[in-house]
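Here is model-v1.txt, consisting of compact mmCIF, C-alpha atoms:
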# COMPACT_ATOMS: atom_id res chain seq x y z
CA MET D 187 94.62 150.34 61.84
CA VAL D 188 90.95 151.27 62.13
CA LYS D 189 90.40 150.84 58.40
CA ASP D 190 92.02 147.38 58.40
CA SER D 191 90.14 146.26 61.51
CA ILE D 192 86.78 147.29 60.08
CA LYS D 193 87.46 145.10 57.05
CA ARG D 194 88.03 142.06 59.27
CA ARG D 195 85.39 140.49 61.45
CA LYS D 196 87.96 138.79 63.67
CA PRO D 197 91.37 139.96 64.87
CA ASN D 198 94.77 138.65 63.88
CA ILE D 199 97.25 137.94 66.67
CA LEU D 200 100.98 137.33 66.38
CA VAL D 201 102.49 135.16 69.10
CA THR D 202 106.27 135.57 69.07
CA GLY D 203 109.21 134.98 71.38
CA THR D 204 112.45 133.09 71.64
CA PRO D 205 112.22 129.37 70.75
CA GLY D 206 111.09 127.45 73.83
CA THR D 207 108.91 130.18 75.34
CA GLY D 208 105.65 128.35 74.61
CA LYS D 209 104.46 129.95 71.38
CA THR D 210 102.99 126.81 69.84
CA THR D 211 101.49 125.58 73.11
CA THR D 212 99.89 128.96 73.75
CA SER D 213 98.74 129.41 70.15
CA THR D 214 97.20 125.93 69.99
CA ALA D 215 95.30 126.44 73.26
CA LEU D 216 94.17 129.91 72.19
CA ALA D 217 92.95 128.61 68.82
CA GLU D 218 90.96 125.89 70.59
CA ALA D 219 89.44 128.41 73.02
CA THR D 220 88.50 130.97 70.36
CA GLN D 221 88.04 128.98 67.15
CA LEU D 222 90.61 131.21 65.43
CA ASN D 223 92.96 129.68 62.85
CA HIS D 224 96.43 128.75 64.18
CA ILE D 225 99.22 129.25 61.64
CA ASN D 226 102.56 127.82 62.73
CA ILE D 227 105.05 129.50 60.39
CA GLY D 228 107.70 126.81 60.87
CA ASP D 229 105.24 124.12 59.76
CA LEU D 230 103.96 126.27 56.89
CA VAL D 231 107.51 126.84 55.61
CA LYS D 232 108.15 123.09 55.55
CA GLU D 233 104.76 122.16 54.04
CA LYS D 234 104.79 124.78 51.29
CA ASN D 235 108.56 124.85 50.68
CA LEU D 236 108.78 128.57 51.58
CA HIS D 237 112.49 128.51 52.27
CA ASP D 238 115.85 128.91 50.56
CA GLY D 239 117.43 125.72 51.85
CA TRP D 240 118.83 124.44 55.13
CA ASP D 241 121.27 126.20 57.47
CA ASP D 242 123.47 123.55 59.10
CA GLU D 243 124.88 125.97 61.66
CA LEU D 244 121.45 127.11 62.88
CA ASP D 245 119.95 123.67 62.28
CA SER D 246 116.89 125.16 60.59
CA TYR D 247 115.41 126.18 57.26
CA ILE D 248 116.36 129.55 55.78
CA LEU D 249 113.00 131.29 55.72
CA ASN D 250 112.07 133.15 52.53
CA GLU D 251 110.16 136.09 54.02
CA ASP D 252 108.66 137.20 50.69
CA LEU D 253 107.27 133.74 49.95
CA VAL D 254 105.79 133.50 53.46
CA CYS D 255 104.11 136.90 53.19
CA ASP D 256 102.77 136.12 49.71
CA GLU D 257 101.36 132.83 50.99
CA LEU D 258 99.60 134.51 53.93
CA GLU D 259 98.32 137.74 52.33
CA ASP D 260 94.74 136.66 51.59
CA VAL D 261 94.16 134.71 54.79
CA MET D 262 95.51 137.58 56.91
CA ASP D 263 93.21 140.06 55.17
CA GLU D 264 90.26 137.87 56.18
CA GLY D 265 91.24 137.94 59.87
CA GLY D 266 90.75 135.38 62.60
CA ASN D 267 94.34 134.11 62.67
CA ILE D 268 96.89 133.35 65.35
CA VAL D 269 100.36 133.42 63.78
CA ASP D 270 103.07 131.59 65.69
CA TYR D 271 106.71 132.43 64.87
CA HIS D 272 109.92 133.46 66.63
CA GLY D 273 110.49 136.47 64.38
CA CYS D 274 108.16 139.34 63.63
CA ASP D 275 109.87 142.22 61.84
CA PHE D 276 109.09 141.05 58.30
CA PHE D 277 105.32 140.74 58.69
CA PRO D 278 103.31 143.80 57.59
CA GLU D 279 102.16 145.81 60.60
CA ARG D 280 98.63 146.07 59.16
CA TRP D 281 98.16 142.33 59.56
CA PHE D 282 98.06 142.29 63.36
CA ASP D 283 95.77 143.72 65.97
CA CYS D 284 97.83 142.32 68.84
CA VAL D 285 101.45 141.19 69.07
CA VAL D 286 102.19 138.91 72.03
CA VAL D 287 105.80 138.40 73.05
CA LEU D 288 106.20 135.39 75.33
CA GLN D 289 109.07 135.55 77.80
CA THR D 290 110.58 132.78 79.89
CA ASP D 291 113.09 132.74 82.74
CA ASN D 292 116.53 131.90 81.33
CA THR D 293 117.06 128.81 83.49
CA ILE D 294 113.68 127.39 82.49
CA LEU D 295 114.34 128.23 78.84
CA TYR D 296 117.77 126.56 78.95
CA ASP D 297 116.21 123.38 80.35
CA ARG D 298 113.42 123.37 77.73
CA LEU D 299 115.83 123.79 74.84
CA SER D 300 118.21 121.18 76.27
CA ARG D 301 115.34 118.68 76.40
CA ARG D 302 114.65 119.46 72.73
CA GLY D 303 118.21 118.41 71.95
CA TYR D 304 119.47 121.81 70.82
CA LYS D 305 123.21 121.77 70.23
CA GLU D 306 125.20 124.09 72.52
CA SER D 307 125.68 126.93 70.01
CA LYS D 308 121.96 127.10 69.17
CA LEU D 309 121.02 126.76 72.83
CA SER D 310 123.29 129.58 74.00
CA ASN D 311 122.26 131.81 71.09
CA ASN D 312 118.58 131.47 72.02
CA VAL D 313 119.17 132.00 75.75
CA GLU D 314 121.18 135.14 74.93
CA CYS D 315 118.31 136.39 72.78
CA GLU D 316 116.01 135.97 75.76
CA ILE D 317 118.43 137.65 78.17
CA PHE D 318 118.72 140.70 75.92
CA GLN D 319 114.98 140.68 75.09
CA VAL D 320 115.72 140.68 71.37
CA LEU D 321 112.21 139.59 70.33
CA LEU D 322 110.49 142.14 72.57
CA GLU D 323 112.65 144.92 71.12
CA GLU D 324 112.00 143.67 67.58
CA ALA D 325 108.25 143.74 68.22
CA LYS D 326 108.36 147.23 69.73
CA GLU D 327 110.34 148.51 66.74
CA SER D 328 108.04 146.83 64.20
CA TYR D 329 104.55 147.50 65.60
CA ALA D 330 102.64 150.29 67.30
CA GLU D 331 103.33 150.32 71.03
CA ASP D 332 99.66 149.77 71.92
CA LYS D 333 99.64 146.49 69.95
CA VAL D 334 102.61 144.86 71.73
CA VAL D 335 102.22 142.99 75.01
CA ALA D 336 104.86 140.92 76.83
CA LEU D 337 103.56 137.92 78.80
CA LYS D 338 105.42 135.67 81.23
CA SER D 339 105.47 132.04 80.08
CA ASP D 340 107.35 130.01 82.68
CA THR D 341 104.68 127.54 83.79
CA ILE D 342 101.51 125.80 82.65
CA GLU D 343 99.65 128.21 84.95
CA ASP D 344 101.22 131.16 83.10
CA ILE D 345 100.14 129.70 79.77
CA SER D 346 96.59 129.11 81.03
CA ARG D 347 96.41 132.67 82.36
CA ASN D 348 97.76 134.04 79.07
CA VAL D 349 95.20 132.08 77.05
CA ALA D 350 92.39 133.36 79.30
CA THR D 351 93.63 136.95 79.01
CA LEU D 352 93.91 136.74 75.23
CA THR D 353 90.53 135.02 74.91
CA ASP D 354 88.95 137.92 76.82
CA TRP D 355 90.80 140.40 74.59
CA ILE D 356 89.45 138.65 71.47
CA ARG D 357 85.89 138.76 72.82
CA ASN D 358 86.22 142.46 73.62
CA TRP D 359 87.75 143.15 70.20
CA SER D 360 84.72 141.53 68.57
CA ILE D 361 82.36 143.74 70.55
CA GLN D 362 84.22 146.95 69.61
CA VAL D 363 84.23 146.34 65.85

Target format structure tokens, applied to this file:
Amino acid sequence: MVKDSIKRRKPNILVTGTPGTGKTTTSTALAEATQLNHINIGDLVKEKNLHDGWDDELDSYILNEDLVCDELEDVMDEGGNIVDYHGCDFFPERWFDCVVVLQTDNTILYDRLSRRGYKESKLSNNVECEIFQVLLEEAKESYAEDKVVALKSDTIEDISRNVATLTDWIRNWSIQV
């Protein structure tokens, strides 16, 4: 990690979590506060056609992990990126200096996903993922323990506090390098 960090002038952060936990809201606010580049993987997949078609059951694109990683390789090496995606195990560990897993109370998450119009099977699947902390476990299995942090994301106040905490972390990271 030290070798990769020295190469970069700014850190890379992965913001992950179950759909509806506030990844894009948090990432957008953090990018505005820090002037880092926000990369929304879902948008990138659509824009650059980095998928293998549409999954009707999941109501989403079938992500092509190799194409996504190839697309991001150079920009990640440069640093200064906030990557926003609900999965994390396919990204190279060397890319990230911090992996943030947003977590939301199940009732709040259910309401958020219902408002988005998620069909029942997709809604229950995502709430179950949150209940069993699937994304937190995936992050802990994929990245060094000292890189992974779980943050509560139930309210606007939580999101503001998370952005402030991460902004401070970015400033301190810059000083250490």

How close does each residue of segment 344-363 of chain D get to segment 263-275 of chain D, giving the shortest atom pair and distance in Å to one decimal for every residue with an atom at most 12 Å away, counting all atoms listed in the file, sorted by chain and residue number, as CSV?
residue,atom,partner,partner_atom,distance
D:Val349,CA,D:Ile268,CA,11.9
D:Leu352,CA,D:Ile268,CA,10.9
D:Thr353,CA,D:Ile268,CA,11.6
D:Ile356,CA,D:Gly266,CA,9.5
D:Arg357,CA,D:Gly266,CA,11.8
D:Trp359,CA,D:Gly266,CA,11.3
D:Ser360,CA,D:Gly266,CA,10.5

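Nearest residue to Asp332 of chain D among D:Glu251, D:Asp283, D:Asp297, D:Asp344 is D:Asp283, counting only C-alpha atoms.
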
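Our summary of the geometry notes that atom CA of Lys232 of chain D is positioned 23.1 Å from atom CA of Ser300 of chain D.
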
- Item | Minimum-distance residue to Val334 of chain D, chosen among D:Ala217, D:Ile294, D:Cys284, D:Val320 (using all atoms listed in the file) |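 Answer, going by the shortest atom-to-atom distance: D:Cys284.
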
- Do you have the atom CA of Tyr296 of chain D-atom CA of Ile225 of chain D distance handy?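 Answer for the atom CA of Tyr296 of chain D to atom CA of Ile225 of chain D separation: 25.5 Å.
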
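Coordinates place atom CA of Glu324 of chain D at a distance of 23.7 Å from atom CA of Val261 of chain D.
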
- Message: Measuring between all atoms listed in the file, which one of D:Ser246, D:Ser328, D:Ser310, D:Thr341 shows the shortest distance to Thr207 of chain D?
- Response: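 The shortest atom-to-atom distance to Thr207 of chain D comes from D:Thr341.
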
For segment 342-353 of chain D, supply all heavy atoms and report the output as a short mmCIF file (atom, residue, chain, number, x, y, z; two decimals), keeping the file's coordinate frame.
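Now in rebuild01.cif:
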data_model
loop_
_atom_site.label_atom_id
_atom_site.label_comp_id
_atom_site.auth_asym_id
_atom_site.auth_seq_id
_atom_site.Cartn_x
_atom_site.Cartn_y
_atom_site.Cartn_z
N ILE D 342 102.82 126.12 83.23
CA ILE D 342 101.51 125.80 82.65
C ILE D 342 100.47 126.80 83.14
O ILE D 342 99.59 127.22 82.38
CB ILE D 342 101.09 124.34 83.01
CG1 ILE D 342 102.05 123.34 82.37
CG2 ILE D 342 99.66 124.07 82.61
CD1 ILE D 342 102.07 123.33 80.86
N GLU D 343 100.59 127.22 84.39
CA GLU D 343 99.65 128.21 84.95
C GLU D 343 99.77 129.54 84.20
O GLU D 343 98.77 130.19 83.92
CB GLU D 343 99.89 128.42 86.45
CG GLU D 343 99.53 127.24 87.32
CD GLU D 343 100.58 126.11 87.31
OE1 GLU D 343 101.74 126.33 86.87
OE2 GLU D 343 100.22 124.99 87.73
N ASP D 344 101.01 129.94 83.88
CA ASP D 344 101.22 131.16 83.10
C ASP D 344 100.53 131.04 81.74
O ASP D 344 99.85 131.97 81.29
CB ASP D 344 102.71 131.44 82.87
CG ASP D 344 103.45 131.84 84.13
OD1 ASP D 344 102.83 132.32 85.09
OD2 ASP D 344 104.70 131.67 84.14
N ILE D 345 100.73 129.91 81.10
CA ILE D 345 100.14 129.70 79.77
C ILE D 345 98.62 129.74 79.86
O ILE D 345 97.97 130.40 79.04
CB ILE D 345 100.65 128.40 79.14
CG1 ILE D 345 102.15 128.53 78.81
CG2 ILE D 345 99.85 128.03 77.89
CD1 ILE D 345 102.83 127.25 78.40
N SER D 346 98.05 129.09 80.85
CA SER D 346 96.59 129.11 81.03
C SER D 346 96.08 130.53 81.25
O SER D 346 95.07 130.93 80.68
CB SER D 346 96.18 128.22 82.20
OG SER D 346 96.50 126.88 81.94
N ARG D 347 96.80 131.28 82.08
CA ARG D 347 96.41 132.67 82.36
C ARG D 347 96.53 133.51 81.08
O ARG D 347 95.65 134.33 80.78
CB ARG D 347 97.28 133.24 83.48
CG ARG D 347 96.89 134.62 83.95
CD ARG D 347 97.66 135.09 85.19
NE ARG D 347 99.09 134.74 85.21
CZ ARG D 347 99.62 133.74 85.92
NH1 ARG D 347 98.87 132.96 86.67
NH2 ARG D 347 100.93 133.51 85.87
N ASN D 348 97.58 133.29 80.32
CA ASN D 348 97.76 134.04 79.07
C ASN D 348 96.64 133.73 78.07
O ASN D 348 96.12 134.64 77.42
CB ASN D 348 99.12 133.73 78.44
CG ASN D 348 100.27 134.22 79.29
OD1 ASN D 348 100.11 135.08 80.15
ND2 ASN D 348 101.45 133.67 79.05
N VAL D 349 96.29 132.46 77.96
CA VAL D 349 95.20 132.08 77.05
C VAL D 349 93.89 132.72 77.50
O VAL D 349 93.14 133.25 76.66
CB VAL D 349 95.09 130.54 76.95
CG1 VAL D 349 93.80 130.13 76.24
CG2 VAL D 349 96.30 129.96 76.23
N ALA D 350 93.62 132.73 78.79
CA ALA D 350 92.39 133.36 79.30
C ALA D 350 92.39 134.86 79.02
O ALA D 350 91.38 135.42 78.58
CB ALA D 350 92.25 133.09 80.80
N THR D 351 93.52 135.51 79.26
CA THR D 351 93.63 136.95 79.01
C THR D 351 93.42 137.26 77.54
O THR D 351 92.67 138.20 77.19
CB THR D 351 95.03 137.45 79.45
OG1 THR D 351 95.17 137.22 80.85
CG2 THR D 351 95.22 138.93 79.14
N LEU D 352 94.05 136.49 76.67
CA LEU D 352 93.91 136.74 75.23
C LEU D 352 92.52 136.38 74.72
O LEU D 352 91.99 137.06 73.83
CB LEU D 352 94.99 135.96 74.46
CG LEU D 352 96.41 136.46 74.71
CD1 LEU D 352 97.43 135.48 74.17
CD2 LEU D 352 96.61 137.85 74.11
N THR D 353 91.91 135.36 75.28
CA THR D 353 90.53 135.02 74.91
C THR D 353 89.59 136.17 75.26
O THR D 353 88.74 136.55 74.45
CB THR D 353 90.10 133.71 75.62
OG1 THR D 353 90.96 132.65 75.20
CG2 THR D 353 88.66 133.35 75.29
#
